[in-house]
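So the structure is just underneath, and the comments pick up after that.
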Amino acid sequence: MFSKLQKIKESILEFFIRGSGILIILFVVLIFLFLLKDSLFFFKSYPLKDFFTQKKWLPISEPPSFGIIPLLLGSIYVTFFAIIICVPLGMGCAMFIAEVAPSFLRNILKSFVEILAAIPSVVLGFIGIVWLGPLVKKIFSIPTGMCGFTGSLLLAFMALPTIISISEDALRSVPYTYKEAAFGLGATKWQTLWRVILPAASSGIIAAIMLGIGRVIGETMVVMMVTGNSPIIPSSILEPLRTLTATIASEMGETVRGGLHYFALFSVGLILFIITFIINFLADLFLHRSKK
Amino acid sequence: MNYPCKIKTINLNLFYGEFQALKNINIKIPPKNITAIIGPSGCGKSTLLRCFNRMNDLIESVRTEGKVIIDNQNINLPETDLISLRRKVGMVFQRPNVFDLSVYENLAFGVKIHRLYRSKTKILEEIEHALESVGLWKELKDKLKKNAKNLTLDQQQRLCIARVIILKPEIILLDEPCSSLDPIATLKIEELLFQLKEKYTIVIVTHNMQQAARISQFCGFMLLGELVEFDTTEKIFTYPSDTRTENYITGKFG
Ligand SMILES: Nc1ncnc2c1ncn2[C@@H]1O[C@H](COP(=O)(O)OP(=O)(O)OP(=O)(O)O)[C@@H](O)[C@H]1O
Ligand SMILES: [Mg+2]
């Protein structure tokens, strides 16, 4: 009797777990199909080739031009610089918290990182507009501080908590015995960290960086507020630009539902989806390889 | 008893905070022999062993008094160069603690941090020697690139010994090196230690009295932080001079 009840319980549980798994896959597939469908509408009346080769994004001029290149470049610029800033900084911080800082300092730092993660992006955007932007403008003596670089700085700031806390976890979960072994062989603290602990934590650290990058690419609010919102091909990171995400967010409200512009934005969304998909795929590939 | 000695302690006391774990230890360990340290759990065997390469320094609350003399030098002084000390006095731990790296990298680690050799071929040669001396070369020569975590526990522990040997130490400390191994693997490690004693001074902590009796030439019995008796293994196991030793050996406690 008991075992029968147990069996029913277990099969319900199994059904539920399996269902959740399938649901997730279903969601992703549905979102993809949804984006694909509306994009196909768009490409029926706007040539795919122009989408990828036109150098201008002018949705409301006559005739309109939907070249994704300026937006794509905007995203790539901002993301690239954000990564260059936040990866070394985040790694350094994680190593300091995990391996160097005395325990009281570690606790203080960790709570600060948590607070950092909880700041809404609107607030960061606000800080960017009133404070960071003017500062960037002054430092580089450029006409406006609302540019790609300001966006990169803020995005780096937003990705930091993710990178720090996950890499710190990875570093701290390296068994103490490794350290003992390394010290026992006469290694210094830094040699131990560099040659033993980092390699042992590498898969966790790569995951942390990838998640950070995901955060940077997908972020919308901050880039919309501080990067100048100008969909032209930027010649440097110090110029105003616009990312894929900011384009969708700022133009979706003004479009006619079912119009060409409306569907164009879905195509932008599809590109964004494909990019994040590729990044996740690469991250997975890398994680599996480093485990072997 | 008069004999040459490699390691000697003079009035060694050690405290973990308030707790005194070693009480006035005076021990003289002879070179190129296996010395076993036995005693019940918690008597301070590991603590004493870790005094010989200053591993206790890693624990913040530790305070030591007295001298630890290796080759006529007191290493228990603040100015001691811990890096070269630990190269000279290698340590093997209770659980095999190979790094999460390839077999090659595990062995090259010490070579690199001490900058012993530059050329790749020389390093490979030394790796071969080290693996040869722990009887692993035949098994592993085609697996140098494999992650050491995938080896059997017995192979891992041998690799840990090889990792020490490649640095050409003079002393090897082993803290219950066989406690996570099965009897056959244990016997293999014991045979290995027996060969190694020709070249190195070996100090081994063990729970296992038969093991101490089988492989060691000298033996110390510890109890509650004191070194109760130190003598040849033969004497300790046949006619110990202290009744506490006798009680332990005959299995009355511990
Ligand atoms: N880090 C530490 N902090 C405080 N006390 C400690 C610490 N390490 C060991 N001790 C105490 O010191 C005493 C000796 O410990 P030690 O590990 O040297 O014993 P042992 O003889 O090696 O025991 P075992 O056979 O269980 O390994 C024990 O009472 C232990 O509780
Ligand atoms: Mg012990």
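A note on labels: chains of the structure tokens are A, B, ... as shown, every chain counts residues from 1, and ligands are counted from 1 in their shown order.
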Q | Selection as a PyMOL selection string: residues within 10 Å of ligand 1 by only C-alpha atoms and all ligand atoms | A | chain B and resi 14-22+37-50+56+58-62+94+175-176+205-208+222-225
(Q) Which residues are near Met146 in chain A? Cut-off 6 Å, only C-alpha atoms, ignore same chain within fewer than 3 positions. Put them as a list in words. (A)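 Residues meeting the cut-off are Gly133, Val226, Thr227 and Gly228 of chain A.
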Would you give me, as an mmCIF file with N, CA and C atoms, in the first residue's frame, the residues of chain A that come within 12 Å of chain B, using only C-alpha atoms?
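File written: out.cif
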```cif
data_model
loop_
_atom_site.group_PDB
_atom_site.id
_atom_site.type_symbol
_atom_site.label_atom_id
_atom_site.label_comp_id
_atom_site.auth_asym_id
_atom_site.auth_seq_id
_atom_site.Cartn_x
_atom_site.Cartn_y
_atom_site.Cartn_z
ATOM 1 N N PRO A 102 40.934 39.794 4.418
ATOM 2 C CA PRO A 102 40.587 39.182 5.705
ATOM 3 C C PRO A 102 39.068 39.078 5.835
ATOM 4 N N VAL A 174 37.158 25.792 -4.648
ATOM 5 C CA VAL A 174 38.352 24.967 -4.883
ATOM 6 C C VAL A 174 38.790 24.407 -3.530
ATOM 7 N N PRO A 175 38.958 23.078 -3.430
ATOM 8 C CA PRO A 175 39.244 22.490 -2.122
ATOM 9 C C PRO A 175 40.494 23.075 -1.462
ATOM 10 N N TYR A 176 40.433 23.186 -0.142
ATOM 11 C CA TYR A 176 41.551 23.725 0.614
ATOM 12 C C TYR A 176 42.797 22.867 0.437
ATOM 13 N N THR A 177 42.593 21.567 0.171
ATOM 14 C CA THR A 177 43.742 20.668 0.053
ATOM 15 C C THR A 177 44.667 21.066 -1.102
ATOM 16 N N TYR A 178 44.114 21.692 -2.144
ATOM 17 C CA TYR A 178 44.960 22.137 -3.246
ATOM 18 C C TYR A 178 45.947 23.180 -2.751
ATOM 19 N N LYS A 179 45.415 24.064 -1.932
ATOM 20 C CA LYS A 179 46.255 25.134 -1.405
ATOM 21 C C LYS A 179 47.355 24.559 -0.527
ATOM 22 N N GLU A 180 46.929 23.602 0.319
ATOM 23 C CA GLU A 180 47.895 22.966 1.204
ATOM 24 C C GLU A 180 49.005 22.328 0.393
ATOM 25 N N ALA A 181 48.594 21.615 -0.673
ATOM 26 C CA ALA A 181 49.584 20.935 -1.503
ATOM 27 C C ALA A 181 50.546 21.943 -2.112
ATOM 28 N N ALA A 182 50.005 23.032 -2.627
ATOM 29 C CA ALA A 182 50.854 24.021 -3.287
ATOM 30 C C ALA A 182 51.798 24.680 -2.294
ATOM 31 N N PHE A 183 51.277 25.078 -1.152
ATOM 32 C CA PHE A 183 52.143 25.691 -0.141
ATOM 33 C C PHE A 183 53.193 24.692 0.327
ATOM 34 N N GLY A 184 52.775 23.433 0.465
ATOM 35 C CA GLY A 184 53.705 22.400 0.901
ATOM 36 C C GLY A 184 54.859 22.205 -0.071
ATOM 37 N N LEU A 185 54.631 22.536 -1.323
ATOM 38 C CA LEU A 185 55.700 22.425 -2.321
ATOM 39 C C LEU A 185 56.519 23.703 -2.398
ATOM 40 N N GLY A 186 56.186 24.674 -1.568
ATOM 41 C CA GLY A 186 56.978 25.901 -1.528
ATOM 42 C C GLY A 186 56.437 27.015 -2.401
ATOM 43 N N ALA A 187 55.178 26.911 -2.815
ATOM 44 C CA ALA A 187 54.624 27.972 -3.648
ATOM 45 C C ALA A 187 54.239 29.176 -2.798
ATOM 46 N N THR A 188 54.295 30.345 -3.411
ATOM 47 C CA THR A 188 53.820 31.538 -2.728
ATOM 48 C C THR A 188 52.313 31.642 -2.934
ATOM 49 N N LYS A 189 51.726 32.602 -2.237
ATOM 50 C CA LYS A 189 50.294 32.812 -2.345
ATOM 51 C C LYS A 189 49.873 33.057 -3.794
ATOM 52 N N TRP A 190 50.664 33.890 -4.512
ATOM 53 C CA TRP A 190 50.279 34.250 -5.876
ATOM 54 C C TRP A 190 50.473 33.097 -6.842
ATOM 55 N N GLN A 191 51.562 32.357 -6.650
ATOM 56 C CA GLN A 191 51.773 31.186 -7.504
ATOM 57 C C GLN A 191 50.639 30.192 -7.320
ATOM 58 N N THR A 192 50.232 30.018 -6.069
ATOM 59 C CA THR A 192 49.134 29.103 -5.791
ATOM 60 C C THR A 192 47.858 29.570 -6.480
ATOM 61 N N TRP A 194 47.508 31.614 -9.020
ATOM 62 C CA TRP A 194 47.621 31.694 -10.466
ATOM 63 C C TRP A 194 47.678 30.335 -11.131
ATOM 64 N N ARG A 195 48.476 29.442 -10.543
ATOM 65 C CA ARG A 195 48.738 28.183 -11.231
ATOM 66 C C ARG A 195 47.831 27.045 -10.787
ATOM 67 N N VAL A 196 47.262 27.141 -9.605
ATOM 68 C CA VAL A 196 46.460 26.025 -9.098
ATOM 69 C C VAL A 196 44.986 26.391 -8.957
ATOM 70 N N ILE A 197 44.722 27.488 -8.265
ATOM 71 C CA ILE A 197 43.327 27.798 -7.950
ATOM 72 C C ILE A 197 42.572 28.294 -9.182
ATOM 73 N N LEU A 198 43.186 29.184 -9.942
ATOM 74 C CA LEU A 198 42.503 29.687 -11.137
ATOM 75 C C LEU A 198 42.173 28.576 -12.130
ATOM 76 N N PRO A 199 43.146 27.716 -12.482
ATOM 77 C CA PRO A 199 42.780 26.626 -13.395
ATOM 78 C C PRO A 199 41.674 25.742 -12.831
ATOM 79 N N ALA A 200 41.721 25.473 -11.539
ATOM 80 C CA ALA A 200 40.701 24.599 -10.963
ATOM 81 C C ALA A 200 39.329 25.261 -11.003
ATOM 82 N N ALA A 201 39.302 26.588 -10.961
ATOM 83 C CA ALA A 201 38.018 27.295 -10.952
ATOM 84 C C ALA A 201 37.618 27.767 -12.340
ATOM 85 N N SER A 202 38.407 27.388 -13.355
ATOM 86 C CA SER A 202 38.239 28.041 -14.652
ATOM 87 C C SER A 202 36.841 27.890 -15.249
ATOM 88 N N SER A 203 36.234 26.707 -15.106
ATOM 89 C CA SER A 203 34.933 26.571 -15.766
ATOM 90 C C SER A 203 33.911 27.500 -15.133
ATOM 91 N N SER A 290 36.443 22.437 -21.195
ATOM 92 C CA SER A 290 37.339 22.630 -20.050
ATOM 93 C C SER A 290 37.110 21.573 -18.975
ATOM 94 N N LYS A 291 35.950 20.908 -19.033
ATOM 95 C CA LYS A 291 35.717 19.855 -18.044
ATOM 96 C C LYS A 291 36.499 18.593 -18.365
ATOM 97 N N LYS A 292 36.792 18.384 -19.635
ATOM 98 C CA LYS A 292 37.462 17.149 -20.035
ATOM 99 C C LYS A 292 38.919 17.109 -19.579
#
```
Q) Closest to ligand 2 among B:Ile69, B:Ile204, B:Leu187, B:Leu159, using only C-alpha atoms and all ligand atoms? A)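 For ligand 2, the nearest of the candidates is B:Ile204.
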Q.
DSSP on the backbone: which residues in range 49-222 of chain B end up as strand (DSSP E or B)? Give the answer as a PyMOL selection string.
A. chain B and resi 62-70+73-74+89-92+102+147+171-175+201-205+218-222
(Q) I'd like the interatomic distance between CA of Ile127 in chain B and CA of Ala108 in chain B, to a tenth of an Å. (A) 7.5 Å
**Q.** DSSP-assigned alpha helix (DSSP H) among range 8-211 of chain B, expressed as a PyMOL selection string
**A.** chain B and resi 45-51+82-88+103-113+120-133+137-140+153-165+183-196+209-211
Q: Can you work out the spacing between CA of Thr162 in chain A and CA of Glu114 in chain A in Å, to one decimal?
A: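 Atom-to-atom, CA of Thr162 in chain A and CA of Glu114 in chain A are spaced 9.3 Å apart.
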Q) Quick one: residues within 12 Å of Phe194 in chain B, only C-alpha atoms counted, chain neighbours fewer than 3 positions away excluded, as a list in words? A) Lys32, Asn33, Ile34, Thr35, Ser133, Val134, Leu187, Lys188, Ile189, Glu190, Glu191, Lys197, Glu198, Lys199, Tyr200, Thr201, Ile202, Val203, Ile204, Gln211, Ala212, Arg214, Ile215, Ser216 and Gln217 of chain B
**Q.** Interatomic distance, CA of Ile142 in chain A to CA of Val123 in chain A (Å, one decimal)
**A.**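 Between CA of Ile142 in chain A and CA of Val123 in chain A the gap works out to 24.2 Å.
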Using only C-alpha atoms, determine which residues lie at most 12 Å from range 84-89 of chain A, disregarding the query and same-chain residues fewer than 2 positions distant; provide the list as a PDB file with N, CA and C atoms, in the first residue's frame.
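The resulting out21.pdb:
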```
ATOM      1  N   TYR A  77      30.253  47.605 -30.382  1.00  0.00           N
ATOM      2  CA  TYR A  77      31.154  48.574 -29.742  1.00  0.00           C
ATOM      3  C   TYR A  77      30.940  48.625 -28.238  1.00  0.00           C
ATOM      4  N   VAL A  78      29.696  48.883 -27.878  1.00  0.00           N
ATOM      5  CA  VAL A  78      29.391  49.083 -26.454  1.00  0.00           C
ATOM      6  C   VAL A  78      29.713  47.823 -25.658  1.00  0.00           C
ATOM      7  N   THR A  79      29.325  46.661 -26.193  1.00  0.00           N
ATOM      8  CA  THR A  79      29.568  45.412 -25.487  1.00  0.00           C
ATOM      9  C   THR A  79      31.056  45.130 -25.352  1.00  0.00           C
ATOM     10  N   PHE A  80      31.762  45.312 -26.457  1.00  0.00           N
ATOM     11  CA  PHE A  80      33.191  45.030 -26.461  1.00  0.00           C
ATOM     12  C   PHE A  80      33.922  45.840 -25.388  1.00  0.00           C
ATOM     13  N   PHE A  81      33.665  47.141 -25.367  1.00  0.00           N
ATOM     14  CA  PHE A  81      34.364  47.966 -24.384  1.00  0.00           C
ATOM     15  C   PHE A  81      33.908  47.661 -22.956  1.00  0.00           C
ATOM     16  N   ALA A  82      32.639  47.373 -22.805  1.00  0.00           N
ATOM     17  CA  ALA A  82      32.152  47.023 -21.467  1.00  0.00           C
ATOM     18  C   ALA A  82      32.872  45.777 -20.961  1.00  0.00           C
ATOM     19  N   MET A  91      37.396  40.088 -12.222  1.00  0.00           N
ATOM     20  CA  MET A  91      38.275  38.995 -11.825  1.00  0.00           C
ATOM     21  C   MET A  91      39.164  39.418 -10.666  1.00  0.00           C
ATOM     22  N   GLY A  92      39.723  40.623 -10.788  1.00  0.00           N
ATOM     23  CA  GLY A  92      40.598  41.126  -9.722  1.00  0.00           C
ATOM     24  C   GLY A  92      39.830  41.191  -8.415  1.00  0.00           C
ATOM     25  N   CYS A  93      38.638  41.709  -8.499  1.00  0.00           N
ATOM     26  CA  CYS A  93      37.820  41.862  -7.304  1.00  0.00           C
ATOM     27  C   CYS A  93      37.479  40.496  -6.701  1.00  0.00           C
ATOM     28  N   ALA A  94      37.116  39.562  -7.567  1.00  0.00           N
ATOM     29  CA  ALA A  94      36.764  38.222  -7.083  1.00  0.00           C
ATOM     30  C   ALA A  94      37.960  37.571  -6.400  1.00  0.00           C
ATOM     31  N   MET A  95      39.130  37.699  -7.015  1.00  0.00           N
ATOM     32  CA  MET A  95      40.321  37.105  -6.416  1.00  0.00           C
ATOM     33  C   MET A  95      40.634  37.751  -5.074  1.00  0.00           C
ATOM     34  N   PHE A  96      40.457  39.064  -5.028  1.00  0.00           N
ATOM     35  CA  PHE A  96      40.729  39.755  -3.771  1.00  0.00           C
ATOM     36  C   PHE A  96      39.779  39.268  -2.682  1.00  0.00           C
ATOM     37  N   PHE A 149      30.959  55.217 -25.019  1.00  0.00           N
ATOM     38  CA  PHE A 149      31.860  54.941 -23.903  1.00  0.00           C
ATOM     39  C   PHE A 149      31.143  55.056 -22.559  1.00  0.00           C
ATOM     40  N   THR A 150      30.320  56.095 -22.430  1.00  0.00           N
ATOM     41  CA  THR A 150      29.557  56.242 -21.188  1.00  0.00           C
ATOM     42  C   THR A 150      28.680  55.009 -20.962  1.00  0.00           C
ATOM     43  N   GLY A 151      28.075  54.542 -22.047  1.00  0.00           N
ATOM     44  CA  GLY A 151      27.258  53.338 -21.963  1.00  0.00           C
ATOM     45  C   GLY A 151      28.088  52.133 -21.542  1.00  0.00           C
ATOM     46  N   SER A 152      29.275  51.991 -22.145  1.00  0.00           N
ATOM     47  CA  SER A 152      30.140  50.863 -21.804  1.00  0.00           C
ATOM     48  C   SER A 152      30.489  50.868 -20.319  1.00  0.00           C
ATOM     49  N   LEU A 153      30.825  52.059 -19.829  1.00  0.00           N
ATOM     50  CA  LEU A 153      31.198  52.157 -18.415  1.00  0.00           C
ATOM     51  C   LEU A 153      30.057  51.688 -17.516  1.00  0.00           C
ATOM     52  N   LEU A 154      28.866  52.166 -17.795  1.00  0.00           N
ATOM     53  CA  LEU A 154      27.734  51.796 -16.951  1.00  0.00           C
ATOM     54  C   LEU A 154      27.386  50.319 -17.091  1.00  0.00           C
ATOM     55  N   LEU A 155      27.488  49.805 -18.315  1.00  0.00           N
ATOM     56  CA  LEU A 155      27.209  48.382 -18.523  1.00  0.00           C
ATOM     57  C   LEU A 155      28.232  47.525 -17.798  1.00  0.00           C
ATOM     58  N   ALA A 156      29.485  47.953 -17.857  1.00  0.00           N
ATOM     59  CA  ALA A 156      30.528  47.219 -17.145  1.00  0.00           C
ATOM     60  C   ALA A 156      30.166  47.163 -15.665  1.00  0.00           C
ATOM     61  N   PHE A 157      29.735  48.285 -15.165  1.00  0.00           N
ATOM     62  CA  PHE A 157      29.333  48.391 -13.779  1.00  0.00           C
ATOM     63  C   PHE A 157      28.191  47.425 -13.458  1.00  0.00           C
ATOM     64  N   MET A 158      27.265  47.287 -14.410  1.00  0.00           N
ATOM     65  CA  MET A 158      26.125  46.410 -14.180  1.00  0.00           C
ATOM     66  C   MET A 158      26.507  44.942 -14.238  1.00  0.00           C
ATOM     67  N   ALA A 159      27.505  44.631 -15.056  1.00  0.00           N
ATOM     68  CA  ALA A 159      27.885  43.220 -15.190  1.00  0.00           C
ATOM     69  C   ALA A 159      28.797  42.792 -14.047  1.00  0.00           C
ATOM     70  N   LEU A 160      29.412  43.758 -13.385  1.00  0.00           N
ATOM     71  CA  LEU A 160      30.374  43.427 -12.323  1.00  0.00           C
ATOM     72  C   LEU A 160      29.815  42.487 -11.244  1.00  0.00           C
ATOM     73  N   PRO A 161      28.665  42.783 -10.662  1.00  0.00           N
ATOM     74  CA  PRO A 161      28.197  41.909  -9.579  1.00  0.00           C
ATOM     75  C   PRO A 161      28.075  40.452 -10.010  1.00  0.00           C
ATOM     76  N   THR A 162      27.552  40.230 -11.217  1.00  0.00           N
ATOM     77  CA  THR A 162      27.418  38.862 -11.716  1.00  0.00           C
ATOM     78  C   THR A 162      28.788  38.202 -11.788  1.00  0.00           C
ATOM     79  N   ILE A 163      29.707  38.901 -12.455  1.00  0.00           N
ATOM     80  CA  ILE A 163      31.030  38.315 -12.644  1.00  0.00           C
ATOM     81  C   ILE A 163      31.707  38.075 -11.302  1.00  0.00           C
ATOM     82  N   ILE A 164      31.635  39.063 -10.419  1.00  0.00           N
ATOM     83  CA  ILE A 164      32.321  38.937  -9.137  1.00  0.00           C
ATOM     84  C   ILE A 164      31.743  37.787  -8.325  1.00  0.00           C
ATOM     85  N   SER A 167      32.360  34.215  -9.972  1.00  0.00           N
ATOM     86  CA  SER A 167      33.766  33.782  -9.957  1.00  0.00           C
ATOM     87  C   SER A 167      34.261  33.580  -8.535  1.00  0.00           C
ATOM     88  N   ILE A 205      34.571  30.320 -13.726  1.00  0.00           N
ATOM     89  CA  ILE A 205      34.923  31.694 -14.077  1.00  0.00           C
ATOM     90  C   ILE A 205      34.451  32.022 -15.492  1.00  0.00           C
ATOM     91  N   ILE A 206      34.626  31.068 -16.407  1.00  0.00           N
ATOM     92  CA  ILE A 206      34.154  31.305 -17.771  1.00  0.00           C
ATOM     93  C   ILE A 206      32.640  31.486 -17.777  1.00  0.00           C
ATOM     94  N   ALA A 207      31.957  30.659 -16.998  1.00  0.00           N
ATOM     95  CA  ALA A 207      30.507  30.807 -16.919  1.00  0.00           C
ATOM     96  C   ALA A 207      30.147  32.200 -16.404  1.00  0.00           C
ATOM     97  N   ALA A 208      30.880  32.664 -15.411  1.00  0.00           N
ATOM     98  CA  ALA A 208      30.625  33.994 -14.847  1.00  0.00           C
ATOM     99  C   ALA A 208      30.784  35.071 -15.909  1.00  0.00           C
ATOM    100  N   ILE A 209      31.853  34.964 -16.681  1.00  0.00           N
ATOM    101  CA  ILE A 209      32.103  35.975 -17.708  1.00  0.00           C
ATOM    102  C   ILE A 209      31.016  35.940 -18.776  1.00  0.00           C
ATOM    103  N   MET A 210      30.641  34.727 -19.172  1.00  0.00           N
ATOM    104  CA  MET A 210      29.607  34.609 -20.190  1.00  0.00           C
ATOM    105  C   MET A 210      28.291  35.206 -19.712  1.00  0.00           C
ATOM    106  N   LEU A 211      27.939  34.919 -18.466  1.00  0.00           N
ATOM    107  CA  LEU A 211      26.705  35.489 -17.934  1.00  0.00           C
ATOM    108  C   LEU A 211      26.798  37.013 -17.899  1.00  0.00           C
ATOM    109  N   GLY A 212      27.989  37.510 -17.558  1.00  0.00           N
ATOM    110  CA  GLY A 212      28.205  38.958 -17.557  1.00  0.00           C
ATOM    111  C   GLY A 212      27.994  39.532 -18.946  1.00  0.00           C
ATOM    112  N   ILE A 213      28.538  38.861 -19.942  1.00  0.00           N
ATOM    113  CA  ILE A 213      28.385  39.331 -21.316  1.00  0.00           C
ATOM    114  C   ILE A 213      26.914  39.312 -21.716  1.00  0.00           C
ATOM    115  N   ARG A 215      24.409  39.684 -19.826  1.00  0.00           N
ATOM    116  CA  ARG A 215      23.797  40.834 -19.150  1.00  0.00           C
ATOM    117  C   ARG A 215      24.046  42.108 -19.949  1.00  0.00           C
ATOM    118  N   VAL A 216      25.272  42.281 -20.414  1.00  0.00           N
ATOM    119  CA  VAL A 216      25.647  43.499 -21.133  1.00  0.00           C
ATOM    120  C   VAL A 216      24.893  43.607 -22.453  1.00  0.00           C
TER     121      VAL A 216
END
```
For Ile60 in chain A, please output as a compact mmCIF listing (two decimals) with all heavy atoms, in the first residue's frame all residues within 9 Å (counting only C-alpha atoms; exclusion window: fewer than 4 positions along the same chain).
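Done, and the output landed in selection-v1.txt:
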```txt
# COMPACT_ATOMS: atom_id res chain seq x y z
N PRO A 64 11.74 54.51 -46.62
CA PRO A 64 12.50 54.18 -45.41
C PRO A 64 13.73 53.32 -45.74
O PRO A 64 13.75 52.64 -46.77
CB PRO A 64 11.51 53.40 -44.56
CG PRO A 64 10.54 52.83 -45.54
CD PRO A 64 10.46 53.79 -46.69
N SER A 65 14.72 53.40 -44.86
CA SER A 65 15.89 52.54 -45.02
C SER A 65 16.11 51.79 -43.71
O SER A 65 16.20 52.39 -42.64
CB SER A 65 17.11 53.42 -45.36
OG SER A 65 18.28 52.74 -45.06
N HIS A 261 7.66 49.19 -40.40
CA HIS A 261 8.57 49.55 -39.32
C HIS A 261 8.42 48.58 -38.14
O HIS A 261 9.39 48.11 -37.55
CB HIS A 261 8.28 51.00 -38.88
CG HIS A 261 9.25 51.53 -37.88
ND1 HIS A 261 9.06 52.68 -37.18
CD2 HIS A 261 10.44 51.04 -37.45
CE1 HIS A 261 10.06 52.89 -36.37
NE2 HIS A 261 10.93 51.91 -36.52
```
